[in-house]
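To start, the structure itself, in structure tokens.
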2 protein chains.
Amino acid sequence: MGPVTKTPESDRVLHPEAHPLMVDDATRTALRLWVILSRAHAAVAARGAADIARHGLTLAEFGILEALYHVGPMLLGEVQRRILVSSGGITFLMDRLVAKELVERRCCNTDRRARYAALTPKGQALMAEIFPGHAAAITEAMQGLTEEEQRIAAELLRTMGRTAAGLAEDSR
Amino acid sequence: MGPVTKTPESDRVLHPEAHPLMVDDATRTALRLWVILSRAHAAVAARGAADIARHGLTLAEFGILEALYHVGPMLLGEVQRRILVSSGGITFLMDRLVAKELVERRCCNTDRRARYAALTPKGQALMAEIFPGHAAAITEAMQGLTEEEQRIAAELLRTMGRTAAGLAEDSR
DNA sequence: GGAGAATATCTTAGAAATGAGATATACAAC
DNA sequence: GTTGTATATCTCATTTCTAAGATATTCTCC
């Protein structure tokens with residue numbers, strides 16, 4: 001037989017677009033979902049942040065205000081877990097909201113290490129003013145899906161989130 | 001008729017848990033999906049970041065490496081739009097990857113303003129080593145859903161993301 | 001009731017990212 | 001060609017956030 005012109009290794013390196021095709025189907029599906037999930041989240045977050053920025057707030061600050069608005073006074077640790085920031089982050093954000101006179105710290109009678117975060121009257125008034133508009137902005141961003149599709153998506157994502165969060169716990 | 005004891009305004013303010021029930025059904029569904037989407041994203045991102053941190057990389061750095069690994073050399077602007085960072089951010093991240101000798105900048109012959117980002121051999125080797133493990137970690141994080149459910153979720157989120165991104169464009 | 005482990009928040013240094021503007025180049029219309 | 005506008009990247013000041021450790025308090029178990 002004559003000499004065989006074999007595809008050199010370097011060719012595979014130079015055409016790595018082919019790479020995703022080399023992983024199995026389950027992995028390809030999962031990675032695709034991860035990319036799409038990231039983009040969808042970023043798009044809605046950008047829309048929400050733009051809305052909130054008009055009132056001089058960041059999404060994280062708004063997250064605290066919203067939690068206090070809907071649940072009432074909460075321990076700082078509870079707020080921290082709810083909006084997913086570090087312990088230093090919650091202190092930083094609280095300091096700023098206190099400086100803006102939207103939130104106040106209250107001491108906890110049963111545990112002197114702990115503190116409550118609570119809306120001031122000014123914070124209450126601000127949320128009453130801007131929450132409906134923000135809710136409308138988020139709702140508008142979701143209008144690509146019907147209400148039924150939104151419920152299906154929520155159910156699937158809730159399951160996914162729980163599984164992923166559980167795995168993260170294990171590795172602690 | 002006898003006197004009517006009307007619920008005072010202050011009561012509504014003091015029991016704001018009731019507030020979400022005051023918005024219409026479509027808004028409640030959308031807000032619920034937004035919260036669940038955020039948590040699912042955060043959980044998977046945390047899992048991915050933990051995996052990547054073992055190799056001394058951040059998710060954003062890995063995003064650049066992955067793009068170059070799969071697509072080949074790209075203009076910085078393309079990379080920037082793909083991984084969703086600011087123009088300053090892409091310069092910052094590239095500088096660091098260049099310092100680690102994983103990526104290099106190449107000039108563009110047809111446009112002297114532009115530059116390509118490309119993996120170095122060291123970067124290629126690193127990605128070949130760590131990408132499969134990372135893909136497995138993401139896939140594992142998604143295992144709460146069957147492959148079919150993942151496809152359904154991806155389809156829904158793709159539609160949602162497009163709509164939300166389109167709205168963001170409009171307000172530019 | 002005392003020692004040690006656990007917990008809640010705060011402090012600090014610095015990492016990560018943004019946004020406005022600077023610079024250089026390209027393109028379009030005249 | 002020249003002028004004006006758009007584009008690609010970079011610079012720099014600032015904002016946002018984290019991680020590690022400090023401090024104060026509580027809980028557990030003997």
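By convention here, the chains of the structure tokens are called A, B, ... in the order presented, each chain's residues are numbered starting at 1, and ligands are numbered starting at 1 in the order presented.
Distance criterion 12 Å to chain C, applied with only C-alpha atoms (C1' of nucleotides), yields Leu75, Leu76, Gly77, Glu78, Gln80, Ser86, Ser87, Gly88, Gly89, Ile90, Thr91, Phe92, Met94, Asp95, Arg105, Cys107, Cys108, Asp111, Arg112, Arg113, Ala114, Arg115 and Tyr116 of chain A on chain A.
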Closest atom pairs, chain B residues within 7 Å of chain A, only C-alpha atoms, as CSV:
```
residue,atom,partner,partner_atom,distance
B:Pro16,CA,A:His70,CA,5.0
B:Glu17,CA,A:His70,CA,4.7
B:His19,CA,A:His70,CA,6.4
B:Ala26,CA,A:Glu147,CA,6.4
B:Thr27,CA,A:Thr139,CA,5.6
B:Thr29,CA,A:Arg151,CA,6.8
B:Ala30,CA,A:Thr139,CA,5.2
B:Leu31,CA,A:Thr139,CA,6.8
B:Leu33,CA,A:Ala154,CA,5.0
B:Ile36,CA,A:Arg158,CA,5.9
B:Leu37,CA,A:Leu157,CA,6.3
B:Ser38,CA,A:His41,CA,6.6
B:Arg39,CA,A:Gly161,CA,6.3
B:Ala40,CA,A:Gly161,CA,3.9
B:His41,CA,A:Ser38,CA,6.6
B:Ala43,CA,A:Ala165,CA,5.1
B:Val44,CA,A:Ala164,CA,5.7
B:Arg47,CA,A:Ala168,CA,5.9
B:Tyr69,CA,A:Pro16,CA,6.2
B:His70,CA,A:Glu17,CA,4.7
B:Val71,CA,A:Glu17,CA,5.1
B:Gly72,CA,A:Pro16,CA,6.6
B:Ala135,CA,A:Thr27,CA,6.7
B:Ala136,CA,A:Thr27,CA,7.0
B:Ile138,CA,A:Leu31,CA,6.8
B:Thr139,CA,A:Ala30,CA,5.2
B:Ala141,CA,A:Ala164,CA,4.5
B:Met142,CA,A:Met160,CA,5.9
B:Gly144,CA,A:Met160,CA,5.1
B:Leu145,CA,A:Met160,CA,6.2
B:Glu147,CA,A:Ala26,CA,6.4
B:Gln150,CA,A:Leu33,CA,6.6
B:Arg151,CA,A:Thr29,CA,6.8
B:Ala153,CA,A:Ala153,CA,6.1
B:Ala154,CA,A:Leu33,CA,5.0
B:Leu156,CA,A:Ala153,CA,6.7
B:Leu157,CA,A:Ala40,CA,6.0
B:Arg158,CA,A:Ile36,CA,5.9
B:Thr159,CA,A:Gly144,CA,6.0
B:Met160,CA,A:Gly144,CA,5.1
B:Gly161,CA,A:Ala40,CA,3.9
B:Thr163,CA,A:Gly144,CA,5.3
B:Ala164,CA,A:Ala141,CA,4.5
B:Ala165,CA,A:Ala43,CA,5.1
B:Leu167,CA,A:Ala141,CA,7.0
B:Ala168,CA,A:Arg47,CA,5.9
```
Could you turn the residues from that selection into a file that holds C-alpha atoms, as a short mmCIF file (atom, residue, chain, number, x, y, z; two decimals), in the first residue's frame?
```cif
data_model
loop_
_atom_site.label_atom_id
_atom_site.label_comp_id
_atom_site.auth_asym_id
_atom_site.auth_seq_id
_atom_site.Cartn_x
_atom_site.Cartn_y
_atom_site.Cartn_z
CA PRO B 16 -46.33 43.27 54.39
CA GLU B 17 -46.14 39.49 53.94
CA HIS B 19 -48.19 42.19 49.79
CA ALA B 26 -49.27 37.07 36.00
CA THR B 27 -46.95 39.29 38.04
CA THR B 29 -45.85 34.00 38.49
CA ALA B 30 -43.16 36.10 36.79
CA LEU B 31 -41.60 37.26 40.07
CA LEU B 33 -39.81 32.52 38.24
CA ILE B 36 -36.11 30.66 41.19
CA LEU B 37 -34.07 31.46 38.08
CA SER B 38 -31.64 33.52 40.18
CA ARG B 39 -31.21 30.77 42.74
CA ALA B 40 -30.75 28.02 40.18
CA HIS B 41 -28.18 30.11 38.35
CA ALA B 43 -26.26 27.31 42.64
CA VAL B 44 -24.84 26.01 39.37
CA ARG B 47 -20.58 24.64 41.71
CA TYR B 69 -10.88 26.53 22.98
CA HIS B 70 -14.10 25.84 21.13
CA VAL B 71 -14.21 28.59 18.55
CA GLY B 72 -10.54 29.35 18.01
CA ALA B 135 -18.10 19.68 31.88
CA ALA B 136 -18.71 16.71 34.17
CA ILE B 138 -21.78 21.10 35.34
CA THR B 139 -23.50 17.99 34.05
CA ALA B 141 -25.18 19.85 38.84
CA MET B 142 -27.94 19.43 36.24
CA GLY B 144 -31.86 16.85 39.05
CA LEU B 145 -33.48 16.98 35.63
CA GLU B 147 -32.11 14.94 29.66
CA GLN B 150 -33.14 19.76 30.37
CA ARG B 151 -34.03 20.19 26.72
CA ALA B 153 -35.89 23.98 30.14
CA ALA B 154 -33.32 25.10 27.59
CA LEU B 156 -38.06 27.86 27.46
CA LEU B 157 -35.06 29.81 28.77
CA ARG B 158 -33.82 30.53 25.27
CA THR B 159 -37.13 32.15 24.43
CA MET B 160 -37.17 34.05 27.71
CA GLY B 161 -33.59 35.25 27.29
CA THR B 163 -37.28 38.46 24.81
CA ALA B 164 -35.55 40.00 27.82
CA ALA B 165 -32.43 40.85 25.82
CA LEU B 167 -36.25 44.68 25.65
CA ALA B 168 -32.86 45.73 26.99
#
```
So which bits of stretch 25-152 of chain B end up strand (DSSP E) when you DSSP the backbone, as JSON, numbers by chain?
-> {"B": [74, 75, 103, 104, 105, 106, 107, 115, 116, 117, 118, 119]}
Within 8 Å of chain B: each chain D residue with its shortest pair, only C-alpha atoms (C1' of nucleotides), as CSV:
```
residue,atom,partner,partner_atom,distance
D:DA8,C1',B:Ala114,CA,5.3
D:DT9,C1',B:Arg113,CA,6.9
D:DC10,C1',B:Thr91,CA,7.1
```
DSSP alpha helix (DSSP H) selection over stretch 6-172 of chain A, as a VMD selection string | chain A and resid 9 to 14 25 to 53 59 to 71 76 to 83 87 to 99 121 to 141 147 to 170
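A straight line drawn from atom CA of A:Ala118 to atom CA of A:Val103 is 5.6 Å long.
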What is the atom C1' of D:DT26-atom CA of A:Thr110 distance in Å, reported with one decimal?
-> 10.0 Å
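Computed from the coordinates, the atom CA of A:Ala60 to atom CA of A:Val85 distance equals 8.5 Å.
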